[in-house]
Number of protein chains: 2
Amino acid sequence: MDKPKSAGSMDDNNLKSPFFSTRASSSSTPGYLGAAIVARGHALDPLPPLVESFPSSTKLELGDLQVPVRRIELSNGDTCDVYDTTGPQGCDLQAGLPKRRQAWIDARQGIEHPTQLWFARQGIITEEMRFAALREGHDAEFVRSEIARGRAILPNNMYHPESEPMLIGRSFLTKINANIGNSAIRSDIREEVEKLQWSIRWGADTVMDLSTGKDIHLTRQWILRNSPVPIGTVPIYQCLEKVGGKVEDLTLELFLETLEEQAKQGVDYFTIHAGVLLRYVPMTQKRVTGIVSRGGSIMARWCLAHHKENFLYTGFEEICKLMARYDIAFSLGDGLRPGSIADANDEAQLSELRTLGELTQVAWRHDCQVMIEGPGHVPLNKIKENMDLQLELCHEAPFYTLGPLTTDIAPGYDHITSAIGAALIGWYGTAMLCYVTPKEHLGLPDRKDVKDGVIAYKIAAHVADLAKGHPGAQQRDNLLSQARFEFRWQDQFNLSLDPTTARSLHDESLPADAAKTSHFCSMCGPHFCSMRITQDVRDMAAKDEGMAQMSEEFHKHGAQLYVPAE
Amino acid sequence: MDKPKSAGSMDDNNLKSPFFSTRASSSSTPGYLGAAIVARGHALDPLPPLVESFPSSTKLELGDLQVPVRRIELSNGDTCDVYDTTGPQGCDLQAGLPKRRQAWIDARQGIEHPTQLWFARQGIITEEMRFAALREGHDAEFVRSEIARGRAILPNNMYHPESEPMLIGRSFLTKINANIGNSAIRSDIREEVEKLQWSIRWGADTVMDLSTGKDIHLTRQWILRNSPVPIGTVPIYQCLEKVGGKVEDLTLELFLETLEEQAKQGVDYFTIHAGVLLRYVPMTQKRVTGIVSRGGSIMARWCLAHHKENFLYTGFEEICKLMARYDIAFSLGDGLRPGSIADANDEAQLSELRTLGELTQVAWRHDCQVMIEGPGHVPLNKIKENMDLQLELCHEAPFYTLGPLTTDIAPGYDHITSAIGAALIGWYGTAMLCYVTPKEHLGLPDRKDVKDGVIAYKIAAHVADLAKGHPGAQQRDNLLSQARFEFRWQDQFNLSLDPTTARSLHDESLPADAAKTSHFCSMCGPHFCSMRITQDVRDMAAKDEGMAQMSEEFHKHGAQLYVPAE
């Protein structure tokens, strides 16, 4: 096996550097992150530094493995450590991030199938498992056993040494994925790299590069070299570009070649629509919205055009062999997922799910890690069936769902329609939630949409963790609620998912700094503040030794606790 | 019984008219709605006319009862009628809305307890019941029976003849409430009337005026005279203003006097915290966030100060008698609702719920309509217990919940944290969902927050209706998804909850008018559009008489259907 050097520098793979190099040669610009970038006629503000997004927070790297954590310092001396996805800060984008896993990877040379699943099955706890266990607050042996059983995956292509190991599995924190990527209509590498950085800033655990436009290889290279989180792709997109958009010209050979190309760049998981079988395609004929997965529709068309079985299915073992060599995880794509409430849980969808279950066992035989993609558009009452069937048919491989959206009638607000479904299916056991932004169905997400989508999904994932009773999930809620109750406004903001937004909404009503220490807010004003009155009630009770004396006590002391109206 | 004339004009109750009259005397201003209003140093744009918010929609009034409906006209000749809360448009705000129920009310003079519950129990189907039945697409007799059993309410104070009858009950469409109202910190009647109009524009079914600041009576008068939806209040707020903020000076007499004042103005339902009993107060001592209901904290303080039982509880029958005279519905307040995840479903909350169940039966004896308020902050896994206990303990009286918020850690996004809980509890059977805006915990909602809150809750309510299988709920989803699949972009926008937002998000990527008829969008571009490929697949299948011929067919016809890449 070759030493993994192709991921080592930007110059490999004959990369052009259309904007970074231009910028570097312009002597007076203060570097990429410091400059306002003009794209498509409007200025994109540079990303603010981390400390502006998270005041009173410090990034720490704990222990010998340097596990990242963000520590929030509170005004009362308490601290709250939160899971951190932001990666190393202030790195030069040309050089990429530090290759923190390189030594671990190098030590494994000569092993044919160097996958985390293989190691786990051998009873070996890798550095990646230890690292991820520390992030989760779990025992490393438990992490190993979950991976060995196929109930969790640790996606980490050996050619992506920049990645910080993380787990996708229902025994662990619920994860979220952010999709980025350009299309033929909108194409701008600069914007995509910034979207990557912006999505991990707010908590994306993995990022999928769904680019379909120009510079698909180059875009991916910039993303990978600057990503501390696993990167997923849908390789059939690049294949289709290579055949000029002619679906019927796609072949297994071209697909394997493309996988190899992306594998060497360091992609951590591939979405592969190997479950779209020829005989399932007619099942979509009566649907309201047919096939809504891009990959699914491409493979359906290929099957019909050739009247042959899907080559991703017939060639699945070859694909497994390739992916095992790099430890790339399967994300078995749900090409027949429902695209509308009317189509949810239908024969086409559930037939494909059954096939994905069969393929899971094939992949496991090759020591490949596997997760299963899920819908889509599903009404609340049909969500549990999805989860239950997936666990049964796919042998507990982690479920990775898009939403699901729980109604079709709110384009422009699909981060909300889908966060509802995502929270529910997360509670039921989905391991990773693929975000949906407000632009879903309408256009490609810009930076604002990416943040809106990530925050909505951080909410959904945390709501799921709370409902599952994940150990430690509730600590942050308790600390924030205590801060709220004690009128520690800054602590309330700083403990929240988005401190700057919380602060600015507060300041719209009460901008004065003094209001940050006020024992009331603009909602109720001082007379009607329930929190304040409750404090008074507690003071009254504390002074009382028996309920009988309470009335008298109040008239002695309590009456002055309350500020009379003007 | 007096003829209900006090609601008749703005001049009753010695109202001052601080801004409408000023504006009227300024000859060159184009009237209230046409002028930009400057408040607190920044300009508020006038509300756009209805047709700008809902292009290709027409408001219709159907049948002899003139039941309002909004008809969306589609480009393919189809139409979609949707429930409409917007009320008469273009009315002069001084004169108020037309008094559509006045003749029905006048005909009932001499009846001592003219409540819908009384009529329903007599087997009488009122005009209000017929009207509401038509809005819901239900049989009027079914509506009567649901009201008679206490499972639904039809809030409609006889002094609010402008209201358009509607139902709150779990057999009907899930309703949403929007809270508005000023505080001592922010006070502006103009803004509150606009928030009312803005909230019903986007679909609020009832509105609560929670004003606690100056001009509390006058604000309410302007709101009532211009509201086609039932208006709720929390009368203890005004009582507290009357005693200068001194909780211990509150009395039942003052409370009854205030109820009478608000009753004559036309308030349709009162939130009354009669379940906060003296013995429950100590149960909140160990909570993370104590008592977070304003009304609840006021009553708890009163109980402790006097060491007496809550006068709203001891005087409950007197309150019932008063409310029955006007047909004002009870909204039995959950003064001890949890204000944090940690406090959910605790002894204090559930003890109060049991008391609310007892009070429900007392109110029913007086022919009063009743709904029960619910939490609050509840993790997903504890929501169902709330619904189940409420149905059992409160004898199936409609449940009316605030959210619930499913995590505490996202101030600034609590419309989302709570829409998740609202959708779930709505599915389980909650009849009305009280919205939460992004400003929750941070400040008073402005117009933008009101819209964000209402849309999030229209989503939650519709998601609940879909999951409950409400007849007809899915039609709009299907029409929108068909439009989406057929690239009828304008129809997709116009069928959505917020057409202007959907359109503007689309236009950010593809602003050209031509793109509105394009068979792709900026997400995927033409090559990767799954909808387009699916259409091609269907065309291919339609031309085929057997799967065996499909491949050949494709090469004859299908190959040209796909636009090759450039």
# chains A, B, ... in the order shown; residues from 1 in each chain; ligands from 1
>>> residues_around(residues="Phe330 in chain B", least_positions_apart="4", cutoff="6 Å", atoms="only C-alpha atoms", output="count of residues only")
3
>>> residues_around(residues="Gly403 in chain B", least_positions_apart="4", cutoff="9 Å", atoms="only C-alpha atoms", output="PyMOL selection string")
chain B and resi 374-378+415+417-423+425+433-436+457
>>> write_last_selection(atoms="N, CA and C atoms", output="short mmCIF file (atom, residue, chain, number, x, y, z; two decimals), in the first residue's frame")
data_model
loop_
_atom_site.label_atom_id
_atom_site.label_comp_id
_atom_site.auth_asym_id
_atom_site.auth_seq_id
_atom_site.Cartn_x
_atom_site.Cartn_y
_atom_site.Cartn_z
N GLY B 374 -51.33 24.80 29.13
CA GLY B 374 -50.28 23.83 29.42
C GLY B 374 -48.90 24.40 29.14
N PRO B 375 -47.88 23.60 29.50
CA PRO B 375 -46.50 24.11 29.46
C PRO B 375 -46.04 24.37 28.04
N GLY B 376 -44.93 25.02 27.96
CA GLY B 376 -43.90 25.45 28.89
C GLY B 376 -42.57 24.93 28.32
N HIS B 377 -41.75 24.38 29.16
CA HIS B 377 -40.48 23.74 28.75
C HIS B 377 -40.58 22.25 29.08
N VAL B 378 -40.57 21.40 28.09
CA VAL B 378 -40.73 19.95 28.29
C VAL B 378 -39.87 19.20 27.27
N HIS B 415 -38.71 30.07 18.64
CA HIS B 415 -39.83 29.68 17.77
C HIS B 415 -39.58 28.27 17.22
N THR B 417 -37.31 25.84 18.80
CA THR B 417 -37.28 24.86 19.90
C THR B 417 -38.70 24.51 20.33
N SER B 418 -39.61 25.48 20.20
CA SER B 418 -40.98 25.26 20.66
C SER B 418 -41.88 24.72 19.56
N ALA B 419 -41.60 25.03 18.30
CA ALA B 419 -42.43 24.48 17.21
C ALA B 419 -42.28 22.96 17.19
N ILE B 420 -41.10 22.47 17.56
CA ILE B 420 -40.89 21.02 17.63
C ILE B 420 -41.84 20.41 18.66
N GLY B 421 -41.87 20.99 19.84
CA GLY B 421 -42.76 20.47 20.88
C GLY B 421 -44.22 20.70 20.55
N ALA B 422 -44.51 21.84 19.91
CA ALA B 422 -45.90 22.17 19.56
C ALA B 422 -46.45 21.18 18.54
N ALA B 423 -45.65 20.84 17.54
CA ALA B 423 -46.10 19.89 16.52
C ALA B 423 -46.42 18.55 17.18
N ILE B 425 -47.12 17.86 20.45
CA ILE B 425 -48.27 17.85 21.37
C ILE B 425 -49.57 18.10 20.60
N LEU B 433 -52.23 25.97 19.97
CA LEU B 433 -50.82 26.13 20.28
C LEU B 433 -50.51 27.62 20.42
N CYS B 434 -50.05 28.02 21.58
CA CYS B 434 -49.68 29.42 21.77
C CYS B 434 -48.28 29.62 21.23
N TYR B 435 -48.15 30.55 20.31
CA TYR B 435 -46.87 30.72 19.65
C TYR B 435 -45.78 31.22 20.59
N VAL B 436 -44.56 31.01 20.18
CA VAL B 436 -43.37 31.54 20.84
C VAL B 436 -42.58 32.20 19.72
N TYR B 457 -45.65 28.47 13.89
CA TYR B 457 -46.77 27.76 14.52
C TYR B 457 -47.81 27.29 13.52
#
>>> select_by_dssp(residues="range 183-239 of chain B", states="strand (DSSP E)", output="number ranges by chain")
B: 206-209, 231-233
>>> closest_residue(among="A:Pro88, A:Pro338, A:Gly110, A:Gly232", to="Val292 in chain A", atoms="only C-alpha atoms")
A:Pro338
>>> select_by_dssp(residues="range 252-371 of chain A", states="alpha helix (DSSP H)", output="ChimeraX atom specification")
/A:252-265,294-306,311-314,316-326,347-365
>>> closest_residue(among="A:Gln369, A:Asn381, A:Thr174, A:Ser75", to="Thr401 in chain A", atoms="only C-alpha atoms")
A:Thr174
>>> atom_distance(atom1="CA of Pro438 in chain B", atom2="CA of Lys214 in chain B")
24.6 Å
